[in-house]
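Chemist: Below you will find the structure I want to go over with you.
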Amino acid sequence: MDVDQTLVEEWPYAYVLHADESDDHCSYCLVKKEESLLQSCSKCQFARYCNKECQRKAWPDHKKECSYLHKHKPFVPSDTTRLMARVLFKLMKGEKGDKEKIWSKRNFDDLMTHTKDIKERNYSAYGLFENTLTELRKYVGLPLEDAAFAFEVFGAISTNRNSIRSIQSSAHASGLYLGFSALDHSCDPDVWSAFDGPNLLLRTTKPNLTLNTNLKISYIEPFDFTSERRTKLQENYYFTCNCDKCTDLNWDRLLLSVKCSKCQDAAFLSKDKENEAICQNNECKSNFNAYDAVRLMQEIGRRNISTNFSLENTKWAVSMLDSIETLLSDANLFAYHLRNVARAFLGWRQNENKKSIKLALQARDITL
């Protein structure tokens, strides 16, 4: 099997569209439409749908919450509270997920909760639980004696939830995927997740893979410095990663690598001489001045390109595509973030939602 092939598709056990997206996205399929083209739920007036078909399909999950949203409107609880309520409604009906229908043979009881770690080590997550519990008591009247059970459910959601970014819209949503939750982490993953609406597509990053629970996926952005990846994993998943990438001393140097001015292969910056780079191609091994490449990385860092998506930054990113192709290696982290910003902007300008780096380069001359 080739790279980037879909191994399996999975519909979430529970999911919610984020409240700040609800005005112009279908709560079921997550497609974005003008608000006037969406049909509001006649009772709660919160959920909106493309048509009667989406509303009908959403009803089994929306039915219970609809009554509570109607009862408390205009109050709308947080996205975490709404997701947790949907999960609680299912569990109270005995719906834990059918192992025979889930590819990894898991149900809700198989999810890790990390409640001890959350309570003792992750104070922000425990604070979020306390706030969520307060909202749940107001929202659905959760009895005081159910706090311990609610904490277990919160732990399962906190540890296993996925952020849903649909390839067909800009919707933000959160969901719980029981099959997908079986996969362990590696910073050099075998598979990655894409979303078609709420539907999760498990896609390959390496050739000749078959579906099994030993496949590895990255729980975080894998293209980052080792210290950053390990910190995020410790803070959110409570373990230290010792995969090959985390123990490779040259990985961080590769993320800062520049393009050899002679052979165009990756060159590492010297540890001893400022702005000097050494080509890693054994047949080249040339030393050269990388001043322009270093200054470019510094400017990308100064602009916080990976998090600041201002119009000024996106236009600048597109204007610098030629420069990063000339100066920075394909593995360079700064080039990666700049390409992502340019790709997203050019994709938006052309009314597309998923654009390759190749498209960004071909379309860089678009009139801005």
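Each chain in the structure tokens gets a letter, A, B, ..., in the order shown, and its residues are numbered from 1; ligands are numbered from 1 in order too.
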Within 9 Å of Arg161 of chain A, counting only C-alpha atoms, which residues qualify if same-chain residues fewer than 5 places away don't, as a list in words?
Modeler: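 The neighbour list is Ala156, Ser174, Gly175, Leu176, Tyr177 and Ser181 of chain A.
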Chemist: Could you give me, as a compact mmCIF listing (two decimals) with C-alpha atoms, in the first residue's frame, the residues within 10 Å of Cys241 of chain A, counting only C-alpha atoms and dropping anything in the same chain fewer than 4 positions from it?
Modeler:
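Written file, selection-v7.txt:
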# COMPACT_ATOMS: atom_id res chain seq x y z
CA HIS A 185 2.27 7.60 20.45
CA SER A 186 5.46 8.02 18.46
CA CYS A 187 7.08 11.22 17.23
CA THR A 226 12.60 17.47 21.10
CA ARG A 229 7.55 17.64 22.16
CA ARG A 230 8.58 16.01 25.44
CA THR A 231 7.21 18.90 27.50
CA LEU A 233 3.64 14.96 26.18
CA GLN A 234 4.50 15.19 29.87
CA LYS A 245 13.36 10.70 17.04
CA CYS A 246 13.53 11.79 20.68
CA THR A 247 16.83 10.00 21.23
Chemist: Excluding segment 204-207 of chain A and its own-chain neighbours fewer than 6 positions away, which residues fall within 7 Å of it when counting only C-alpha atoms? Please give them as a ChimeraX atom specification.
Modeler: /A:1-6,190-192
Chemist: Only N, CA, C and O atoms, please: the residues just picked out, written as a short mmCIF file (atom, residue, chain, number, x, y, z; two decimals), in the first residue's frame.
Modeler:
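result-v3.cif, freshly written:
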data_model
loop_
_atom_site.label_atom_id
_atom_site.label_comp_id
_atom_site.auth_asym_id
_atom_site.auth_seq_id
_atom_site.Cartn_x
_atom_site.Cartn_y
_atom_site.Cartn_z
N MET A 1 0.84 -1.20 0.00
CA MET A 1 0.00 0.00 0.00
C MET A 1 0.87 1.25 0.00
O MET A 1 1.88 1.31 0.69
N ASP A 2 0.48 2.25 -0.80
CA ASP A 2 1.26 3.47 -0.90
C ASP A 2 1.09 4.34 0.35
O ASP A 2 0.22 4.10 1.19
N VAL A 3 1.92 5.39 0.42
CA VAL A 3 1.81 6.36 1.50
C VAL A 3 0.56 7.21 1.32
O VAL A 3 0.08 7.43 0.21
N ASP A 4 -0.01 7.68 2.45
CA ASP A 4 -1.18 8.55 2.48
C ASP A 4 -2.43 7.86 1.92
O ASP A 4 -3.23 8.44 1.20
N GLN A 5 -2.59 6.60 2.30
CA GLN A 5 -3.79 5.84 1.97
C GLN A 5 -4.65 5.69 3.22
O GLN A 5 -4.14 5.58 4.33
N THR A 6 -5.94 5.67 3.05
CA THR A 6 -6.85 5.52 4.19
C THR A 6 -6.97 4.05 4.60
O THR A 6 -7.35 3.21 3.78
N ASP A 190 3.28 6.19 12.25
CA ASP A 190 2.94 5.37 11.09
C ASP A 190 1.72 5.93 10.36
O ASP A 190 1.58 5.75 9.15
N VAL A 191 0.85 6.57 11.13
CA VAL A 191 -0.42 7.05 10.58
C VAL A 191 -0.73 8.44 11.11
O VAL A 191 -0.14 8.89 12.10
N TRP A 192 -1.66 9.11 10.46
CA TRP A 192 -2.14 10.41 10.92
C TRP A 192 -3.64 10.47 10.68
O TRP A 192 -4.19 9.63 9.98
#
Chemist: I'd like the contact shell of segment 82-84 of chain A - 8 Å cut-off, only C-alpha atoms, skipping same-chain residues fewer than 3 positions apart - returned as a PyMOL selection string.
Modeler: chain A and resi 14-16+77-79+87-88+153-154+157+174-175
Chemist: Mind writing the picked residues with all heavy atoms as a CSV table (one decimal), in the first residue's frame?
Modeler:
chain,number,residue,atom,x,y,z
A,14,ALA,N,-18.9,10.3,20.4
A,14,ALA,CA,-19.6,11.6,20.7
A,14,ALA,C,-18.8,12.7,20.2
A,14,ALA,O,-17.5,12.7,20.2
A,14,ALA,CB,-19.8,11.7,22.2
A,15,TYR,N,-19.5,13.8,19.8
A,15,TYR,CA,-18.8,15.0,19.4
A,15,TYR,C,-19.7,16.2,19.5
A,15,TYR,O,-20.9,16.1,19.5
A,15,TYR,CB,-18.3,14.8,17.9
A,15,TYR,CG,-19.3,14.8,16.8
A,15,TYR,CD1,-19.6,16.0,16.1
A,15,TYR,CD2,-20.1,13.7,16.6
A,15,TYR,CE1,-20.6,16.0,15.1
A,15,TYR,CE2,-21.1,13.7,15.6
A,15,TYR,CZ,-21.3,14.9,14.9
A,15,TYR,OH,-22.3,14.9,13.9
A,16,VAL,N,-19.0,17.4,19.5
A,16,VAL,CA,-19.8,18.6,19.5
A,16,VAL,C,-19.1,19.6,18.6
A,16,VAL,O,-17.8,19.7,18.6
A,16,VAL,CB,-20.0,19.2,20.9
A,16,VAL,CG1,-20.9,18.4,21.8
A,16,VAL,CG2,-18.6,19.5,21.6
A,77,PRO,N,-23.6,26.1,27.8
A,77,PRO,CA,-22.4,25.7,28.5
A,77,PRO,C,-21.2,25.6,27.6
A,77,PRO,O,-21.3,25.6,26.4
A,77,PRO,CB,-22.8,24.3,29.1
A,77,PRO,CG,-23.9,23.8,28.2
A,77,PRO,CD,-24.6,25.0,27.7
A,78,SER,N,-20.1,25.4,28.2
A,78,SER,CA,-18.8,25.3,27.5
A,78,SER,C,-18.8,24.1,26.6
A,78,SER,O,-19.6,23.2,26.7
A,78,SER,CB,-17.6,25.3,28.4
A,78,SER,OG,-17.6,24.0,29.1
A,79,ASP,N,-17.9,24.1,25.6
A,79,ASP,CA,-17.8,23.0,24.7
A,79,ASP,C,-17.4,21.7,25.4
A,79,ASP,O,-18.0,20.6,25.1
A,79,ASP,CB,-16.7,23.3,23.6
A,79,ASP,CG,-17.0,24.5,22.8
A,79,ASP,OD1,-18.2,24.7,22.5
A,79,ASP,OD2,-16.1,25.2,22.5
A,87,VAL,N,-21.6,12.5,26.4
A,87,VAL,CA,-21.0,11.2,26.8
A,87,VAL,C,-21.8,10.6,28.0
A,87,VAL,O,-22.2,9.4,28.0
A,87,VAL,CB,-19.6,11.3,27.2
A,87,VAL,CG1,-19.0,10.0,27.8
A,87,VAL,CG2,-18.7,11.7,25.9
A,88,LEU,N,-22.1,11.4,29.0
A,88,LEU,CA,-22.9,11.0,30.1
A,88,LEU,C,-24.3,10.5,29.7
A,88,LEU,O,-24.7,9.5,30.3
A,88,LEU,CB,-23.0,12.1,31.1
A,88,LEU,CG,-21.8,12.5,31.9
A,88,LEU,CD1,-22.0,13.8,32.7
A,88,LEU,CD2,-21.4,11.4,32.9
A,153,VAL,N,-15.2,10.2,33.8
A,153,VAL,CA,-15.6,10.5,32.5
A,153,VAL,C,-14.8,11.7,31.9
A,153,VAL,O,-14.3,11.6,30.8
A,153,VAL,CB,-17.1,10.8,32.4
A,153,VAL,CG1,-17.5,11.3,31.0
A,153,VAL,CG2,-17.9,9.6,32.8
A,154,PHE,N,-14.6,12.7,32.8
A,154,PHE,CA,-13.8,13.8,32.3
A,154,PHE,C,-12.3,13.4,32.0
A,154,PHE,O,-11.8,13.8,31.0
A,154,PHE,CB,-13.7,14.9,33.5
A,154,PHE,CG,-12.8,16.0,33.2
A,154,PHE,CD1,-13.2,17.1,32.5
A,154,PHE,CD2,-11.5,16.0,33.6
A,154,PHE,CE1,-12.4,18.2,32.2
A,154,PHE,CE2,-10.6,17.1,33.3
A,154,PHE,CZ,-11.1,18.2,32.6
A,157,ILE,N,-12.3,11.7,28.6
A,157,ILE,CA,-12.4,12.7,27.5
A,157,ILE,C,-11.1,13.5,27.4
A,157,ILE,O,-10.6,13.7,26.3
A,157,ILE,CB,-13.6,13.6,27.8
A,157,ILE,CG1,-14.9,12.8,27.7
A,157,ILE,CG2,-13.7,14.7,26.8
A,157,ILE,CD1,-16.2,13.5,28.1
A,174,SER,N,-14.9,19.0,18.7
A,174,SER,CA,-14.2,18.1,19.5
A,174,SER,C,-15.0,16.7,19.5
A,174,SER,O,-16.2,16.7,19.6
A,174,SER,CB,-14.1,18.6,20.9
A,174,SER,OG,-13.3,19.8,21.0
A,175,GLY,N,-14.2,15.6,19.5
A,175,GLY,CA,-14.9,14.3,19.4
A,175,GLY,C,-14.1,13.3,20.1
A,175,GLY,O,-12.9,13.4,20.4
Chemist: Residues of segment 182-259 of chain A that have any atom at most 12 Å from an atom of segment 282-302 of chain A: could you tabulate them with the shortest-distance atom pair and the distance in Å to one decimal, using only C-alpha atoms, ordered by chain and increasing number, as a tab-separated table?
Modeler:
residue	atom	partner	partner_atom	distance
A:Leu255	CA	A:Met297	CA	11.0
A:Leu256	CA	A:Met297	CA	8.4
A:Ser257	CA	A:Ala293	CA	9.2
A:Val258	CA	A:Ala293	CA	6.6
A:Lys259	CA	A:Ala293	CA	8.4
Chemist: Running DSSP on the backbone, which parts of segment 140-328 of chain A land in alpha helix (DSSP H), as a ChimeraX atom specification?
Modeler: /A:147-160,226-237,244-247,251-255,291-302,311-319,321-327
Chemist: Do a neighbour search on Cys260 of chain A at 7 Å with only C-alpha atoms, toss out local chain neighbours closer than 6 positions, and write the hits as a PyMOL selection string.
Modeler: chain A and resi 266-267+279
Chemist: Keeping only N, CA, C and O atoms, write the selected residues to a file as a compact mmCIF listing (two decimals), in the first residue's frame.
Modeler:
# COMPACT_ATOMS: atom_id res chain seq x y z
N ALA A 266 20.85 19.07 2.73
CA ALA A 266 20.78 19.70 4.05
C ALA A 266 22.17 19.94 4.62
O ALA A 266 23.05 19.09 4.52
N ALA A 267 22.31 21.11 5.24
CA ALA A 267 23.57 21.46 5.90
C ALA A 267 23.27 21.89 7.32
O ALA A 267 22.31 22.62 7.57
N CYS A 279 27.73 21.05 5.02
CA CYS A 279 26.86 20.14 4.27
C CYS A 279 26.98 18.73 4.83
O CYS A 279 28.08 18.26 5.14
Chemist: When you count only C-alpha atoms, which of these residues is closest to His114 of chain A: A:Asn340, A:Asn199, A:Asn160, A:Ser22?
Modeler: A:Asn160
Chemist: So the first atom is atom CA of Val8 of chain A and the second is atom CA of Trp103 of chain A; what is the distance between them in Å, to one decimal place?
Modeler: 8.2 Å
Chemist: From a backbone DSSP assignment, name each residue in segment 246-352 of chain A labelled strand (DSSP E), as a ChimeraX atom specification.
Modeler: /A:258-259,266-269,276-279,287-289
Chemist: I want to know what sits within 10 Å of Leu144 of chain A, based on only C-alpha atoms, with residues of the same chain fewer than 5 positions away left out; could you give that as a ChimeraX atom specification?
Modeler: /A:133-134,137,150
Chemist: May I have the residues from that selection written out with N, CA and C atoms, as a PDB file, in the first residue's frame?
Modeler:
ATOM      1  N   LEU A 133     -17.747  20.571  36.213  1.00  0.00           N
ATOM      2  CA  LEU A 133     -18.676  19.943  37.152  1.00  0.00           C
ATOM      3  C   LEU A 133     -19.737  20.945  37.620  1.00  0.00           C
ATOM      4  N   THR A 134     -19.304  22.166  37.885  1.00  0.00           N
ATOM      5  CA  THR A 134     -20.248  23.215  38.293  1.00  0.00           C
ATOM      6  C   THR A 134     -21.271  23.473  37.186  1.00  0.00           C
ATOM      7  N   ARG A 137     -23.808  20.568  36.855  1.00  0.00           N
ATOM      8  CA  ARG A 137     -24.854  20.587  37.885  1.00  0.00           C
ATOM      9  C   ARG A 137     -25.936  21.603  37.539  1.00  0.00           C
ATOM     10  N   ALA A 150     -18.194  11.426  37.404  1.00  0.00           N
ATOM     11  CA  ALA A 150     -17.997  12.484  36.418  1.00  0.00           C
ATOM     12  C   ALA A 150     -16.504  12.733  36.191  1.00  0.00           C
TER      13      ALA A 150
END
